[in-house]
file structure-v9.tsv (TSV, N, CA and C atoms)
chain	number	residue	atom	x	y	z
O	1	MET	N	0.82	-1.20	0.00
O	1	MET	CA	0.00	0.00	0.00
O	1	MET	C	0.86	1.27	0.00
O	2	ASP	N	2.08	1.17	0.55
O	2	ASP	CA	2.92	2.37	0.61
O	2	ASP	C	3.18	2.94	-0.79
O	3	GLU	N	3.47	2.08	-1.75
O	3	GLU	CA	3.73	2.56	-3.11
O	3	GLU	C	2.48	3.19	-3.72
O	4	TYR	N	1.34	2.61	-3.48
O	4	TYR	CA	0.08	3.15	-4.01
O	4	TYR	C	-0.13	4.59	-3.51
O	5	TYR	N	-0.01	4.78	-2.20
O	5	TYR	CA	-0.24	6.12	-1.65
O	5	TYR	C	0.88	7.09	-2.03
O	6	MET	N	2.11	6.59	-2.17
O	6	MET	CA	3.19	7.47	-2.60
O	6	MET	C	2.94	7.95	-4.02
O	7	LYS	N	2.39	7.11	-4.86
O	7	LYS	CA	2.06	7.54	-6.22
O	7	LYS	C	1.02	8.67	-6.19
O	8	MET	N	0.13	8.66	-5.23
O	8	MET	CA	-0.83	9.75	-5.06
O	8	MET	C	-0.10	11.03	-4.63
O	9	ALA	N	0.88	10.89	-3.76
O	9	ALA	CA	1.68	12.04	-3.34
O	9	ALA	C	2.49	12.59	-4.52
O	10	ILE	N	2.99	11.70	-5.36
O	10	ILE	CA	3.73	12.13	-6.55
O	10	ILE	C	2.83	12.93	-7.49
O	11	LYS	N	1.57	12.55	-7.61
O	11	LYS	CA	0.63	13.33	-8.42
O	11	LYS	C	0.51	14.75	-7.87
O	12	GLN	N	0.49	14.88	-6.56
O	12	GLN	CA	0.44	16.21	-5.95
O	12	GLN	C	1.73	16.98	-6.23
O	13	ALA	N	2.86	16.29	-6.16
O	13	ALA	CA	4.15	16.93	-6.44
O	13	ALA	C	4.21	17.43	-7.88
O	14	ASN	N	3.62	16.68	-8.80
O	14	ASN	CA	3.57	17.12	-10.20
O	14	ASN	C	2.75	18.40	-10.35
O	15	LYS	N	1.72	18.56	-9.55
O	15	LYS	CA	0.94	19.81	-9.56
O	15	LYS	C	1.83	20.97	-9.12
O	16	ALA	N	2.63	20.74	-8.08
O	16	ALA	CA	3.55	21.78	-7.62
O	16	ALA	C	4.53	22.15	-8.74
O	17	LEU	N	5.07	21.15	-9.41
O	17	LEU	CA	6.01	21.38	-10.50
O	17	LEU	C	5.39	22.25	-11.59
O	18	LYS	N	4.14	21.97	-11.93
O	18	LYS	CA	3.44	22.75	-12.96
O	18	LYS	C	3.25	24.21	-12.54
O	19	HIS	N	3.22	24.45	-11.23
O	19	HIS	CA	3.04	25.81	-10.71
O	19	HIS	C	4.37	26.45	-10.29
O	20	ASN	N	5.47	25.89	-10.76
O	20	ASN	CA	6.82	26.40	-10.45
O	20	ASN	C	7.11	26.43	-8.95
O	21	GLU	N	6.61	25.44	-8.26
O	21	GLU	CA	6.89	25.26	-6.84
O	21	GLU	C	7.85	24.08	-6.70
O	22	VAL	N	8.63	24.06	-5.62
O	22	VAL	CA	9.45	22.88	-5.36
O	22	VAL	C	8.48	21.69	-5.32
O	23	PRO	N	8.73	20.66	-6.14
O	23	PRO	CA	7.75	19.58	-6.29
O	23	PRO	C	7.70	18.59	-5.13
O	24	VAL	N	6.99	19.01	-4.11
O	24	VAL	CA	6.74	18.14	-2.97
O	24	VAL	C	5.24	17.98	-2.83
O	25	GLY	N	4.82	16.73	-2.73
O	25	GLY	CA	3.41	16.42	-2.54
O	25	GLY	C	3.23	15.58	-1.29
O	26	ALA	N	2.05	15.72	-0.67
O	26	ALA	CA	1.77	14.99	0.57
O	26	ALA	C	0.34	14.46	0.56
O	27	ILE	N	0.18	13.30	1.17
O	27	ILE	CA	-1.12	12.65	1.33
O	27	ILE	C	-1.20	12.19	2.78
O	28	ILE	N	-2.35	12.36	3.40
O	28	ILE	CA	-2.56	11.81	4.74
O	28	ILE	C	-3.66	10.77	4.65
O	29	VAL	N	-3.38	9.60	5.21
O	29	VAL	CA	-4.27	8.45	5.15
O	29	VAL	C	-4.68	8.04	6.56
O	30	LYS	N	-5.96	7.76	6.72
O	30	LYS	CA	-6.48	7.23	7.98
O	30	LYS	C	-7.42	6.07	7.64
O	31	ASN	N	-7.20	4.94	8.26
O	31	ASN	CA	-8.03	3.75	8.01
O	31	ASN	C	-8.10	3.42	6.52
O	32	ASN	N	-6.96	3.48	5.85
O	32	ASN	CA	-6.84	3.17	4.42
O	32	ASN	C	-7.67	4.09	3.52
O	33	LYS	N	-7.93	5.31	4.00
O	33	LYS	CA	-8.68	6.28	3.20
O	33	LYS	C	-7.90	7.59	3.20
O	34	ILE	N	-7.75	8.19	2.02
O	34	ILE	CA	-7.08	9.49	1.93
O	34	ILE	C	-7.99	10.56	2.52
O	35	ILE	N	-7.48	11.27	3.52
O	35	ILE	CA	-8.28	12.33	4.13
O	35	ILE	C	-7.75	13.72	3.80
O	36	ALA	N	-6.55	13.80	3.20
O	36	ALA	CA	-6.01	15.11	2.81
O	36	ALA	C	-4.95	14.93	1.73
O	37	LYS	N	-4.91	15.89	0.81
O	37	LYS	CA	-3.91	15.94	-0.25
O	37	LYS	C	-3.40	17.38	-0.31
O	38	ALA	N	-2.11	17.53	-0.62
O	38	ALA	CA	-1.57	18.89	-0.74
O	38	ALA	C	-0.24	18.86	-1.49
O	39	TYR	N	0.15	20.05	-1.95
O	39	TYR	CA	1.46	20.24	-2.55
O	39	TYR	C	1.98	21.60	-2.13
O	40	ASN	N	3.28	21.79	-2.30
O	40	ASN	CA	3.91	23.06	-1.90
O	40	ASN	C	3.24	24.24	-2.58
O	41	LYS	N	3.06	25.33	-1.82
O	41	LYS	CA	2.46	26.56	-2.35
O	41	LYS	C	3.17	27.80	-1.81
O	42	LYS	N	4.46	27.67	-1.53
O	42	LYS	CA	5.23	28.81	-1.00
O	42	LYS	C	5.26	29.99	-1.96
O	43	GLU	N	5.55	29.72	-3.21
O	43	GLU	CA	5.68	30.80	-4.20
O	43	GLU	C	4.33	31.47	-4.46
O	44	LYS	N	3.31	30.67	-4.66
O	44	LYS	CA	1.98	31.19	-4.96
O	44	LYS	C	1.45	32.05	-3.81
O	45	SER	N	1.68	31.59	-2.59
O	45	SER	CA	1.12	32.28	-1.42
O	45	SER	C	2.04	33.33	-0.83
O	46	ASN	N	3.32	33.32	-1.27
O	46	ASN	CA	4.33	34.19	-0.64
O	46	ASN	C	4.37	33.95	0.87
O	47	ASP	N	4.33	32.68	1.23
O	47	ASP	CA	4.29	32.29	2.64
O	47	ASP	C	5.21	31.08	2.82
O	48	SER	N	6.28	31.28	3.58
O	48	SER	CA	7.28	30.22	3.77
O	48	SER	C	6.76	29.01	4.53
O	49	THR	N	5.59	29.11	5.14
O	49	THR	CA	5.04	27.97	5.89
O	49	THR	C	4.14	27.08	5.03
O	50	LYS	N	3.93	27.42	3.81
O	50	LYS	CA	3.01	26.65	2.96
O	50	LYS	C	3.68	25.45	2.30
O	51	HIS	N	4.27	24.61	3.15
O	51	HIS	CA	4.82	23.34	2.69
O	51	HIS	C	3.68	22.33	2.54
O	52	ALA	N	3.88	21.36	1.68
O	52	ALA	CA	2.85	20.35	1.42
O	52	ALA	C	2.38	19.68	2.71
O	53	GLU	N	3.33	19.35	3.58
O	53	GLU	CA	2.99	18.64	4.82
O	53	GLU	C	2.09	19.50	5.72
O	54	ILE	N	2.42	20.77	5.86
O	54	ILE	CA	1.66	21.68	6.72
O	54	ILE	C	0.23	21.85	6.18
O	55	ILE	N	0.14	22.04	4.87
O	55	ILE	CA	-1.19	22.20	4.25
O	55	ILE	C	-2.01	20.93	4.44
O	56	ALA	N	-1.38	19.77	4.22
O	56	ALA	CA	-2.09	18.49	4.38
O	56	ALA	C	-2.54	18.28	5.82
O	57	ILE	N	-1.69	18.61	6.77
O	57	ILE	CA	-2.06	18.47	8.18
O	57	ILE	C	-3.27	19.34	8.50
O	58	SER	N	-3.26	20.57	8.03
O	58	SER	CA	-4.38	21.48	8.27
O	58	SER	C	-5.67	20.93	7.68
O	59	LYS	N	-5.60	20.43	6.46
O	59	LYS	CA	-6.80	19.85	5.83
O	59	LYS	C	-7.28	18.61	6.59
O	60	ALA	N	-6.35	17.77	7.01
O	60	ALA	CA	-6.73	16.54	7.73
O	60	ALA	C	-7.39	16.88	9.07
O	61	CYS	N	-6.86	17.86	9.76
O	61	CYS	CA	-7.45	18.26	11.04
O	61	CYS	C	-8.88	18.75	10.85
O	62	LYS	N	-9.10	19.51	9.80
O	62	LYS	CA	-10.48	19.97	9.51
O	62	LYS	C	-11.38	18.78	9.20
O	63	LYS	N	-10.84	17.83	8.45
O	63	LYS	CA	-11.64	16.66	8.06
O	63	LYS	C	-12.06	15.83	9.27
O	64	VAL	N	-11.12	15.58	10.19
O	64	VAL	CA	-11.45	14.75	11.35
O	64	VAL	C	-11.96	15.57	12.54
O	65	LYS	N	-11.96	16.90	12.36
O	65	LYS	CA	-12.45	17.82	13.41
O	65	LYS	C	-11.68	17.64	14.73
O	66	ASN	N	-10.34	17.51	14.56
O	66	ASN	CA	-9.50	17.32	15.74
O	66	ASN	C	-8.06	17.65	15.34
O	67	TRP	N	-7.30	18.22	16.25
O	67	TRP	CA	-5.89	18.50	15.95
O	67	TRP	C	-5.03	17.25	16.08
O	68	ARG	N	-5.58	16.24	16.75
O	68	ARG	CA	-4.86	14.98	16.90
O	68	ARG	C	-5.13	14.09	15.69
O	69	LEU	N	-4.06	13.73	15.00
O	69	LEU	CA	-4.19	12.86	13.83
O	69	LEU	C	-3.68	11.46	14.17
O	70	ASP	N	-4.13	10.97	15.33
O	70	ASP	CA	-3.78	9.62	15.76
O	70	ASP	C	-4.16	8.63	14.65
O	71	ASP	N	-3.36	7.61	14.50
O	71	ASP	CA	-3.63	6.55	13.52
O	71	ASP	C	-3.58	7.02	12.07
O	72	CYS	N	-2.96	8.17	11.83
O	72	CYS	CA	-2.80	8.66	10.46
O	72	CYS	C	-1.38	8.42	9.97
O	73	ILE	N	-1.28	8.26	8.67
O	73	ILE	CA	0.01	8.07	8.01
O	73	ILE	C	0.20	9.20	7.01
O	74	LEU	N	1.38	9.80	7.04
O	74	LEU	CA	1.74	10.85	6.09
O	74	LEU	C	2.64	10.25	5.02
O	75	TYR	N	2.24	10.42	3.77
O	75	TYR	CA	3.06	10.06	2.62
O	75	TYR	C	3.53	11.36	2.00
O	76	VAL	N	4.84	11.52	1.86
O	76	VAL	CA	5.39	12.76	1.32
O	76	VAL	C	6.57	12.43	0.41
O	77	THR	N	6.68	13.14	-0.68
O	77	THR	CA	7.68	12.81	-1.69
O	77	THR	C	9.10	13.14	-1.25
O	78	MET	N	9.27	14.07	-0.32
O	78	MET	CA	10.60	14.42	0.18
O	78	MET	C	10.58	14.42	1.71
O	79	GLU	N	11.68	14.01	2.30
O	79	GLU	CA	11.80	14.00	3.75
O	79	GLU	C	11.42	15.37	4.33
O	80	PRO	N	10.58	15.39	5.36
O	80	PRO	CA	10.16	16.66	5.95
O	80	PRO	C	11.31	17.44	6.61
O	81	CYS	N	11.18	18.77	6.55
O	81	CYS	CA	12.14	19.67	7.18
O	81	CYS	C	11.83	19.78	8.68
O	82	MET	N	12.59	20.63	9.38
O	82	MET	CA	12.41	20.80	10.81
O	82	MET	C	11.01	21.34	11.14
O	83	MET	N	10.55	22.34	10.40
O	83	MET	CA	9.24	22.92	10.66
O	83	MET	C	8.14	21.87	10.49
O	84	CYS	N	8.20	21.16	9.37
O	84	CYS	CA	7.17	20.16	9.10
O	84	CYS	C	7.26	18.99	10.08
O	85	SER	N	8.47	18.59	10.43
O	85	SER	CA	8.64	17.50	11.40
O	85	SER	C	8.02	17.88	12.74
O	86	GLY	N	8.19	19.13	13.14
O	86	GLY	CA	7.57	19.59	14.38
O	86	GLY	C	6.06	19.52	14.31
O	87	ALA	N	5.49	19.95	13.19
O	87	ALA	CA	4.03	19.90	13.03
O	87	ALA	C	3.53	18.46	13.00
O	88	ILE	N	4.29	17.59	12.36
O	88	ILE	CA	3.93	16.17	12.30
O	88	ILE	C	3.92	15.58	13.70
O	89	GLU	N	4.96	15.86	14.46
O	89	GLU	CA	5.05	15.35	15.83
O	89	GLU	C	3.92	15.91	16.70
O	90	GLN	N	3.66	17.21	16.58
O	90	GLN	CA	2.60	17.84	17.38
O	90	GLN	C	1.22	17.28	17.04
O	91	SER	N	1.00	16.93	15.78
O	91	SER	CA	-0.31	16.43	15.36
O	91	SER	C	-0.49	14.94	15.67
O	92	ARG	N	0.58	14.32	16.15
O	92	ARG	CA	0.55	12.91	16.58
O	92	ARG	C	0.36	11.91	15.44
O	93	ILE	N	0.82	12.28	14.26
O	93	ILE	CA	0.82	11.33	13.14
O	93	ILE	C	1.71	10.17	13.56
O	94	LYS	N	1.27	8.94	13.27
O	94	LYS	CA	1.98	7.77	13.78
O	94	LYS	C	3.09	7.27	12.85
O	95	LYS	N	3.01	7.64	11.57
O	95	LYS	CA	3.97	7.08	10.61
O	95	LYS	C	4.19	8.06	9.46
O	96	ILE	N	5.45	8.16	9.04
O	96	ILE	CA	5.83	8.96	7.87
O	96	ILE	C	6.45	8.02	6.85
O	97	VAL	N	5.98	8.13	5.62
O	97	VAL	CA	6.58	7.40	4.51
O	97	VAL	C	7.03	8.47	3.52
O	98	TYR	N	8.34	8.50	3.23
O	98	TYR	CA	8.80	9.51	2.27
O	98	TYR	C	9.61	8.88	1.15
O	99	GLY	N	9.74	9.66	0.07
O	99	GLY	CA	10.41	9.16	-1.12
O	99	GLY	C	11.90	9.40	-1.15
O	100	VAL	N	12.29	10.67	-1.11
O	100	VAL	CA	13.70	11.01	-1.26
O	100	VAL	C	14.19	11.77	-0.03
O	101	LYS	N	15.41	11.50	0.36
O	101	LYS	CA	16.02	12.17	1.50
O	101	LYS	C	16.23	13.64	1.17
O	102	ASN	N	15.99	14.50	2.12
O	102	ASN	CA	16.23	15.93	1.97
O	102	ASN	C	17.61	16.20	2.57
O	103	GLU	N	18.61	16.21	1.71
O	103	GLU	CA	20.00	16.31	2.15
O	103	GLU	C	20.29	17.61	2.91
O	104	ASN	N	19.62	18.68	2.58
O	104	ASN	CA	19.91	19.98	3.20
O	104	ASN	C	19.08	20.26	4.45
O	105	TYR	N	17.80	19.87	4.42
O	105	TYR	CA	16.91	20.28	5.50
O	105	TYR	C	16.15	19.15	6.17
O	106	GLY	N	16.40	17.90	5.78
O	106	GLY	CA	15.68	16.77	6.36
O	106	GLY	C	15.87	16.69	7.87
O	107	TYR	N	14.81	16.29	8.56
O	107	TYR	CA	14.85	16.34	10.02
O	107	TYR	C	14.20	15.12	10.67
O	108	THR	N	13.92	14.09	9.93
O	108	THR	CA	13.20	12.97	10.54
O	108	THR	C	14.03	12.15	11.51
O	109	ASP	N	15.36	12.26	11.44
O	109	ASP	CA	16.21	11.51	12.38
O	109	ASP	C	15.98	11.95	13.82
O	110	ASN	N	15.41	13.12	14.01
O	110	ASN	CA	15.20	13.67	15.35
O	110	ASN	C	13.81	13.39	15.93
O	111	LEU	N	12.98	12.72	15.17
O	111	LEU	CA	11.61	12.47	15.64
O	111	LEU	C	11.56	11.27	16.57
O	112	LYS	N	10.68	11.35	17.53
O	112	LYS	CA	10.49	10.27	18.50
O	112	LYS	C	9.08	9.70	18.35
O	113	ASN	N	8.95	8.43	18.58
O	113	ASN	CA	7.65	7.74	18.59
O	113	ASN	C	6.88	7.83	17.28
O	114	ILE	N	7.60	8.00	16.17
O	114	ILE	CA	6.98	8.01	14.85
O	114	ILE	C	7.73	7.00	13.98
O	115	GLU	N	6.98	6.08	13.42
O	115	GLU	CA	7.61	5.13	12.50
O	115	GLU	C	7.96	5.86	11.21
O	116	ILE	N	9.14	5.60	10.69
O	116	ILE	CA	9.59	6.27	9.47
O	116	ILE	C	10.05	5.23	8.46
O	117	ILE	N	9.49	5.35	7.27
O	117	ILE	CA	9.89	4.49	6.16
O	117	ILE	C	10.37	5.41	5.05
O	118	SER	N	11.57	5.15	4.55
O	118	SER	CA	12.14	6.03	3.53
O	118	SER	C	12.35	5.28	2.21
O	119	GLN	N	12.64	6.03	1.19
O	119	GLN	CA	13.01	5.54	-0.13
O	119	GLN	C	11.89	4.78	-0.85
O	120	VAL	N	10.65	5.15	-0.61
O	120	VAL	CA	9.53	4.56	-1.33
O	120	VAL	C	9.33	5.37	-2.62
O	121	CYS	N	9.40	4.72	-3.75
O	121	CYS	CA	9.35	5.38	-5.07
O	121	CYS	C	10.43	6.46	-5.17
O	122	GLU	N	11.58	6.15	-4.61
O	122	GLU	CA	12.66	7.15	-4.51
O	122	GLU	C	13.07	7.71	-5.87
O	123	LYS	N	13.21	6.87	-6.86
O	123	LYS	CA	13.69	7.35	-8.17
O	123	LYS	C	12.74	8.38	-8.77
O	124	LYS	N	11.45	8.13	-8.72
O	124	LYS	CA	10.46	9.08	-9.25
O	124	LYS	C	10.50	10.39	-8.46
O	125	CYS	N	10.60	10.29	-7.16
O	125	CYS	CA	10.63	11.49	-6.31
O	125	CYS	C	11.91	12.30	-6.59
O	126	ARG	N	13.02	11.63	-6.70
O	126	ARG	CA	14.30	12.30	-6.98
O	126	ARG	C	14.27	12.99	-8.34
O	127	ASN	N	13.70	12.30	-9.35
O	127	ASN	CA	13.61	12.88	-10.69
O	127	ASN	C	12.79	14.17	-10.70
O	128	LEU	N	11.72	14.21	-9.94
O	128	LEU	CA	10.91	15.42	-9.86
O	128	LEU	C	11.73	16.60	-9.33
O	129	VAL	N	12.44	16.37	-8.25
O	129	VAL	CA	13.24	17.44	-7.64
O	129	VAL	C	14.35	17.87	-8.59
O	130	GLN	N	15.02	16.91	-9.20
O	130	GLN	CA	16.11	17.24	-10.12
O	130	GLN	C	15.60	18.01	-11.34
O	131	THR	N	14.44	17.63	-11.85
O	131	THR	CA	13.84	18.34	-12.98
O	131	THR	C	13.57	19.79	-12.61
O	132	PHE	N	13.02	20.00	-11.44
O	132	PHE	CA	12.72	21.37	-10.99
O	132	PHE	C	13.98	22.21	-10.92
O	133	PHE	N	15.01	21.70	-10.25
O	133	PHE	CA	16.21	22.50	-10.05
O	133	PHE	C	17.02	22.68	-11.32
O	134	LYS	N	16.92	21.77	-12.28
O	134	LYS	CA	17.58	21.96	-13.58
O	134	LYS	C	16.95	23.15	-14.30
O	135	LYS	N	15.64	23.27	-14.22
O	135	LYS	CA	14.93	24.41	-14.84
O	135	LYS	C	15.32	25.74	-14.20
O	136	ARG	N	15.55	25.72	-12.90
O	136	ARG	CA	15.85	26.94	-12.15
O	136	ARG	C	17.26	27.45	-12.39
O	137	ARG	N	18.17	26.59	-12.81
O	137	ARG	CA	19.58	26.98	-12.96
O	137	ARG	C	19.91	27.37	-14.35
call {"tool": "encode", "arguments": {"input": "structure-v9.tsv", "output": "structure tokens"}}
result
Amino acid sequence: MDEYYMKMAIKQANKALKHNEVPVGAIIVKNNKIIAKAYNKKEKSNDSTKHAEIIAISKACKKVKNWRLDDCILYVTMEPCMMCSGAIEQSRIKKIVYGVKNENYGYTDNLKNIEIISQVCEKKCRNLVQTFFKKRR
């Protein structure tokens, strides 16, 4: 199931790429049902907090009508940064599945009590990021 949901996150990342955003997509799943989808919107919103993970967490909280996202799994195409990792921990998400390591800002090594699975659909996730940065340079 991890690959299936990661492919959904990759679809979100492709939306970000089309909007000239760093191509990161996120999906939150509860009881095998997608309850939130998001992609980066920093450029569009002129807001440095509009990472895919933060937007997805906000949507999921509204959906379940609770700030606690117990029993939820976050699928994200790139390893979360410090800000997003803090929000993930605070929202009590139980598991993170990500595609590609964030060499500069990744922060999942510091998380406690959260299961972490990495390198799911890594090649596709890496290609998205590389495509974006090749265009920018």
call {"tool": "closest_residue", "arguments": {"input": "structure-v9.tsv", "among": "O:Asn20, O:Thr49, O:Gln90, O:Asn104", "to": "Arg68 (chain O)", "atoms": "only N, CA and C atoms"}}
result
O:Gln90
call {"tool": "closest_residue", "arguments": {"input": "structure-v9.tsv", "among": "O:Ile35, O:Lys18, O:Ser48, O:Ile10", "to": "Val100 (chain O)", "atoms": "only C-alpha atoms"}}
result
O:Ile10
call {"tool": "select_by_dssp", "arguments": {"input": "structure-v9.tsv", "residues": "chain O", "states": "alpha helix (DSSP H)", "output": "compact mmCIF listing (two decimals) with N, CA and C atoms, keeping the file's coordinate frame"}}
result
# COMPACT_ATOMS: atom_id res chain seq x y z
N ASP O 2 2.08 1.17 0.55
CA ASP O 2 2.92 2.37 0.61
C ASP O 2 3.18 2.94 -0.79
N GLU O 3 3.47 2.08 -1.75
CA GLU O 3 3.73 2.56 -3.11
C GLU O 3 2.48 3.19 -3.72
N TYR O 4 1.34 2.61 -3.48
CA TYR O 4 0.08 3.15 -4.01
C TYR O 4 -0.13 4.59 -3.51
N TYR O 5 -0.01 4.78 -2.20
CA TYR O 5 -0.24 6.12 -1.65
C TYR O 5 0.88 7.09 -2.03
N MET O 6 2.11 6.59 -2.17
CA MET O 6 3.19 7.47 -2.60
C MET O 6 2.94 7.95 -4.02
N LYS O 7 2.39 7.11 -4.86
CA LYS O 7 2.06 7.54 -6.22
C LYS O 7 1.02 8.67 -6.19
N MET O 8 0.13 8.66 -5.23
CA MET O 8 -0.83 9.75 -5.06
C MET O 8 -0.10 11.03 -4.63
N ALA O 9 0.88 10.89 -3.76
CA ALA O 9 1.68 12.04 -3.34
C ALA O 9 2.49 12.59 -4.52
N ILE O 10 2.99 11.70 -5.36
CA ILE O 10 3.73 12.13 -6.55
C ILE O 10 2.83 12.93 -7.49
N LYS O 11 1.57 12.55 -7.61
CA LYS O 11 0.63 13.33 -8.42
C LYS O 11 0.51 14.75 -7.87
N GLN O 12 0.49 14.88 -6.56
CA GLN O 12 0.44 16.21 -5.95
C GLN O 12 1.73 16.98 -6.23
N ALA O 13 2.86 16.29 -6.16
CA ALA O 13 4.15 16.93 -6.44
C ALA O 13 4.21 17.43 -7.88
N ASN O 14 3.62 16.68 -8.80
CA ASN O 14 3.57 17.12 -10.20
C ASN O 14 2.75 18.40 -10.35
N LYS O 15 1.72 18.56 -9.55
CA LYS O 15 0.94 19.81 -9.56
C LYS O 15 1.83 20.97 -9.12
N ALA O 16 2.63 20.74 -8.08
CA ALA O 16 3.55 21.78 -7.62
C ALA O 16 4.53 22.15 -8.74
N LEU O 17 5.07 21.15 -9.41
CA LEU O 17 6.01 21.38 -10.50
C LEU O 17 5.39 22.25 -11.59
N LYS O 18 4.14 21.97 -11.93
CA LYS O 18 3.44 22.75 -12.96
C LYS O 18 3.25 24.21 -12.54
N LYS O 42 4.46 27.67 -1.53
CA LYS O 42 5.23 28.81 -1.00
C LYS O 42 5.26 29.99 -1.96
N GLU O 43 5.55 29.72 -3.21
CA GLU O 43 5.68 30.80 -4.20
C GLU O 43 4.33 31.47 -4.46
N LYS O 44 3.31 30.67 -4.66
CA LYS O 44 1.98 31.19 -4.96
C LYS O 44 1.45 32.05 -3.81
N SER O 45 1.68 31.59 -2.59
CA SER O 45 1.12 32.28 -1.42
C SER O 45 2.04 33.33 -0.83
N ALA O 52 3.88 21.36 1.68
CA ALA O 52 2.85 20.35 1.42
C ALA O 52 2.38 19.68 2.71
N GLU O 53 3.33 19.35 3.58
CA GLU O 53 2.99 18.64 4.82
C GLU O 53 2.09 19.50 5.72
N ILE O 54 2.42 20.77 5.86
CA ILE O 54 1.66 21.68 6.72
C ILE O 54 0.23 21.85 6.18
N ILE O 55 0.14 22.04 4.87
CA ILE O 55 -1.19 22.20 4.25
C ILE O 55 -2.01 20.93 4.44
N ALA O 56 -1.38 19.77 4.22
CA ALA O 56 -2.09 18.49 4.38
C ALA O 56 -2.54 18.28 5.82
N ILE O 57 -1.69 18.61 6.77
CA ILE O 57 -2.06 18.47 8.18
C ILE O 57 -3.27 19.34 8.50
N SER O 58 -3.26 20.57 8.03
CA SER O 58 -4.38 21.48 8.27
C SER O 58 -5.67 20.93 7.68
N LYS O 59 -5.60 20.43 6.46
CA LYS O 59 -6.80 19.85 5.83
C LYS O 59 -7.28 18.61 6.59
N ALA O 60 -6.35 17.77 7.01
CA ALA O 60 -6.73 16.54 7.73
C ALA O 60 -7.39 16.88 9.07
N CYS O 61 -6.86 17.86 9.76
CA CYS O 61 -7.45 18.26 11.04
C CYS O 61 -8.88 18.75 10.85
N LYS O 62 -9.10 19.51 9.80
CA LYS O 62 -10.48 19.97 9.51
C LYS O 62 -11.38 18.78 9.20
N LYS O 63 -10.84 17.83 8.45
CA LYS O 63 -11.64 16.66 8.06
C LYS O 63 -12.06 15.83 9.27
N VAL O 64 -11.12 15.58 10.19
CA VAL O 64 -11.45 14.75 11.35
C VAL O 64 -11.96 15.57 12.54
N MET O 82 12.59 20.63 9.38
CA MET O 82 12.41 20.80 10.81
C MET O 82 11.01 21.34 11.14
N MET O 83 10.55 22.34 10.40
CA MET O 83 9.24 22.92 10.66
C MET O 83 8.14 21.87 10.49
N CYS O 84 8.20 21.16 9.37
CA CYS O 84 7.17 20.16 9.10
C CYS O 84 7.26 18.99 10.08
N SER O 85 8.47 18.59 10.43
CA SER O 85 8.64 17.50 11.40
C SER O 85 8.02 17.88 12.74
N GLY O 86 8.19 19.13 13.14
CA GLY O 86 7.57 19.59 14.38
C GLY O 86 6.06 19.52 14.31
N ALA O 87 5.49 19.95 13.19
CA ALA O 87 4.03 19.90 13.03
C ALA O 87 3.53 18.46 13.00
N ILE O 88 4.29 17.59 12.36
CA ILE O 88 3.93 16.17 12.30
C ILE O 88 3.92 15.58 13.70
N GLU O 89 4.96 15.86 14.46
CA GLU O 89 5.05 15.35 15.83
C GLU O 89 3.92 15.91 16.70
N GLN O 90 3.66 17.21 16.58
CA GLN O 90 2.60 17.84 17.38
C GLN O 90 1.22 17.28 17.04
N SER O 91 1.00 16.93 15.78
CA SER O 91 -0.31 16.43 15.36
C SER O 91 -0.49 14.94 15.67
N GLU O 122 11.58 6.15 -4.61
CA GLU O 122 12.66 7.15 -4.51
C GLU O 122 13.07 7.71 -5.87
N LYS O 123 13.21 6.87 -6.86
CA LYS O 123 13.69 7.35 -8.17
C LYS O 123 12.74 8.38 -8.77
N LYS O 124 11.45 8.13 -8.72
CA LYS O 124 10.46 9.08 -9.25
C LYS O 124 10.50 10.39 -8.46
N CYS O 125 10.60 10.29 -7.16
CA CYS O 125 10.63 11.49 -6.31
C CYS O 125 11.91 12.30 -6.59
N ARG O 126 13.02 11.63 -6.70
CA ARG O 126 14.30 12.30 -6.98
C ARG O 126 14.27 12.99 -8.34
N ASN O 127 13.70 12.30 -9.35
CA ASN O 127 13.61 12.88 -10.69
C ASN O 127 12.79 14.17 -10.70
N LEU O 128 11.72 14.21 -9.94
CA LEU O 128 10.91 15.42 -9.86
C LEU O 128 11.73 16.60 -9.33
N VAL O 129 12.44 16.37 -8.25
CA VAL O 129 13.24 17.44 -7.64
C VAL O 129 14.35 17.87 -8.59
N GLN O 130 15.02 16.91 -9.20
CA GLN O 130 16.11 17.24 -10.12
C GLN O 130 15.60 18.01 -11.34
N THR O 131 14.44 17.63 -11.85
CA THR O 131 13.84 18.34 -12.98
C THR O 131 13.57 19.79 -12.61
N PHE O 132 13.02 20.00 -11.44
CA PHE O 132 12.72 21.37 -10.99
C PHE O 132 13.98 22.21 -10.92
N PHE O 133 15.01 21.70 -10.25
CA PHE O 133 16.21 22.50 -10.05
C PHE O 133 17.02 22.68 -11.32
N LYS O 134 16.92 21.77 -12.28
CA LYS O 134 17.58 21.96 -13.58
C LYS O 134 16.95 23.15 -14.30
N LYS O 135 15.64 23.27 -14.22
CA LYS O 135 14.93 24.41 -14.84
C LYS O 135 15.32 25.74 -14.20
N ARG O 136 15.55 25.72 -12.90
CA ARG O 136 15.85 26.94 -12.15
C ARG O 136 17.26 27.45 -12.39
call {"tool": "closest_residue", "arguments": {"input": "structure-v9.tsv", "among": "O:Val97, O:Met78, O:Val22, O:Ala9", "to": "Glu43 (chain O)", "atoms": "all atoms listed in the file"}}
result
O:Val22
call {"tool": "axis_aligned_box", "arguments": {"input": "structure-v9.tsv", "around": "region 84-99 of chain O", "padding_each_side": "6 Å", "output": "lines of an AutoDock Vina configuration file"}}
result
center_x = 5.7
center_y = 14.1
center_z = 8.1
size_x = 24.4
size_y = 26.1
size_z = 30.5
call {"tool": "residues_around", "arguments": {"input": "structure-v9.tsv", "residues": "Arg126 (chain O)", "least_positions_apart": "5", "cutoff": "12 Å", "atoms": "only C-alpha atoms", "output": "list in words"}}
result
Ile10, Ala13, Val22, Pro23, Val24, Thr77, Met78, Glu79, Tyr98, Gly99, Val100, Lys101, Asn102, Glu103, Gln119, Val120, Cys121, Thr131, Phe132 and Phe133 of chain O
call {"tool": "select_by_dssp", "arguments": {"input": "structure-v9.tsv", "residues": "region 5-137 of chain O", "states": "strand (DSSP E or B)", "output": "number ranges by chain"}}
result
O: 25-30, 33-39, 72-78, 95-100, 115-117
